[in-house]
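Single-structure report; data block below.
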Amino acid sequence: MSLPSRAALPRYVAPLPERLEDLALRYAWVIVTVNLAGTAFGFWYYGFHPLPLSTPLITWQFAAEPPVMWPFVPDSPMATLFIAGSLALWKLGRNSEVLNALAFFGCLKLGLWTPFTLLAFMDGFSHNSVLMYNFLFWSHLGMVAEAFVIHRYSDFPVGAVFVAVVWYGLNDVVDYFVPIVGTPHHTTLPGQEVLANGFSHPSPTHEIAAAGAVVITFAAIFLALATRVKKLEADGR
């Protein structure tokens, strides 16, 4: 399968070297596999533990959240699932622009928000081993790099971007502002305590995390639409 050509895009929407983009696209199935493994790990991290059979199936954050809100809990695993699906469909010749947009927003948003919180609340994450802390930090930055490969096979049509904005905008609302059921549903952060129907959200941790999430969401909107405009300009349209 020949690689899609790279449009003449400014560095702020296509920051990766072309050779690195080409490498990622050539070995897309490897990246799909890695992301699916990351999705499985992410669901385990949030508390879905099918093995061993002697332990509860649902624990930690999943167990504390109302089941109706579970779709909004595993943000990073969903982002890695989106990018795995995006790359897989492209390789199979069945490109989905909606999935591409969701993958771009997800990888960019969670790929930046997680390292942001790991740095902002470093002392609070001291319960993690050095290995786990670094794994979470660098693996999420790798998600950002993945996001900037998608422009090679996606034009980010406005309708697809709209779907991604609705999904991740709704995530921000229920994660930080209007939880609908229970308490806000963002990934647990240092200092939170388990309550009867969710978690406590101490200040200013909650506000700092919310500010980071909202800023990154707006950055993703800008970059997705800027990529579309610049690709249209490069094509002379």
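Naming works like this for the structure tokens: A, B, ... for the chains as they're shown, residue 1 at the start of each chain, ligands 1 onward in shown order.
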message: I need the residues in range 12-237 of chain A that are strand (DSSP E) according to DSSP; give them as a PyMOL selection string.
response: chain A and resi 194-195+198-199
message: Residues within 8 Å of range 42-54 of chain A, please, as a list in words. Count only C-alpha atoms; anything in the same chain fewer than 4 positions from it doesn't count.
response: Gly38, Ile58, Thr59, Trp60, Gln61, Phe62, Ala63, Val73, Pro74, Ser76 and Pro77 of chain A
Residues from the last selection, C-alpha atoms, saved as a PDB file, in the first residue's frame:
ATOM      1  CA  GLY A  38      -2.574   0.194  25.817  1.00  0.00           C
ATOM      2  CA  ILE A  58     -14.947  -4.171  38.800  1.00  0.00           C
ATOM      3  CA  THR A  59     -12.830  -2.206  41.248  1.00  0.00           C
ATOM      4  CA  TRP A  60     -11.194   1.179  41.852  1.00  0.00           C
ATOM      5  CA  GLN A  61     -12.643   4.073  39.800  1.00  0.00           C
ATOM      6  CA  PHE A  62     -15.167   2.003  37.863  1.00  0.00           C
ATOM      7  CA  ALA A  63     -16.492   0.618  41.163  1.00  0.00           C
ATOM      8  CA  VAL A  73     -14.442   7.394  32.727  1.00  0.00           C
ATOM      9  CA  PRO A  74     -11.681   5.617  30.701  1.00  0.00           C
ATOM     10  CA  SER A  76      -7.063   7.489  27.671  1.00  0.00           C
ATOM     11  CA  PRO A  77      -8.058   3.885  26.812  1.00  0.00           C
TER      12      PRO A  77
END
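With only C-alpha atoms as the atoms that count, the minimum distance from Glu97 in chain A to the choices A:Ile180, A:Ala120, A:Val161, A:Val34 is reached by A:Val161.
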query: Which is closer to Val32 in chain A than all the others in A:Arg19, A:Arg6, A:Lys91, A:Lys109, using only C-alpha atoms?
result: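 When distances to Val32 in chain A are compared using only C-alpha atoms, the smallest one comes from A:Lys91.
Relative to CA of Ala220 in chain A, CA of Phe105 in chain A is found at 5.8 Å.
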message: Using only C-alpha atoms for the distances, tell me which of A:Leu118, A:Ala103, A:Leu232, A:Met78 is nearest to Leu9 in chain A.
response: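 Smallest separation from Leu9 in chain A among the options: A:Leu232.
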query: Suppose you want the space between CA of Phe177 in chain A and CA of Phe121 in chain A; what is it in Å?
result: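 That distance, rounded to one decimal, is 20.5 Å.
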task: Find the residue from A:Val181, A:Val13, A:Ala234, A:Leu87 that sits nearest to Phe72 in chain A; use only C-alpha atoms when measuring.
output: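 For Phe72 in chain A, the nearest of the candidates is A:Val181.
Among the candidates A:Ala209, A:Leu110, A:Ala88, A:Leu57, the residue lying nearest to Ala147 in chain A is A:Leu110 (atoms considered: only C-alpha atoms).
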message: So that I can check the secondary structure, give me every residue of range 130-167 of chain A assigned alpha helix (DSSP H) by backbone DSSP, as a ChimeraX atom specification.
response: /A:130-147,158-167
- prompt: Could you pull the residues within 8 Å of Thr114 in chain A, counting only C-alpha atoms, minus those fewer than 2 positions along the same chain, as a list of chain:residue names?
  reply: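 The neighbour list is A:Leu110, A:Gly111, A:Leu112, A:Phe116, A:Thr117, A:Leu118, A:Leu136, A:Phe137, A:His140.
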query: Hey, what's within 10 Å of Glu18 in chain A if we count only C-alpha atoms and toss same-chain stuff fewer than 6 positions away? As a PyMOL selection string, please?
result: chain A and resi 5-6+24+149+152
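Ranking A:Leu119, A:Ala210, A:Ala224, A:Val229 by their shortest atom-to-atom distance to Leu102 in chain A, with only C-alpha atoms included, puts A:Ala224 first.
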query: Excluding same-chain residues fewer than 4 positions from range 162-167 of chain A, what lies within 9 Å of it counting only C-alpha atoms, as a PyMOL selection string?
result: chain A and resi 98-99+101-106+157-158+171-172+217-218+220-221
task: Quick one: everything within 12 Å of Thr33 in chain A, counting only C-alpha atoms, minus sequence neighbours fewer than 6 positions away in the same chain. Send it as a list in words.
output: Tyr27, Thr39, Ala40, Thr80, Leu81, Ile83, Ala84, Gly85, Leu87 and Ala88 of chain A
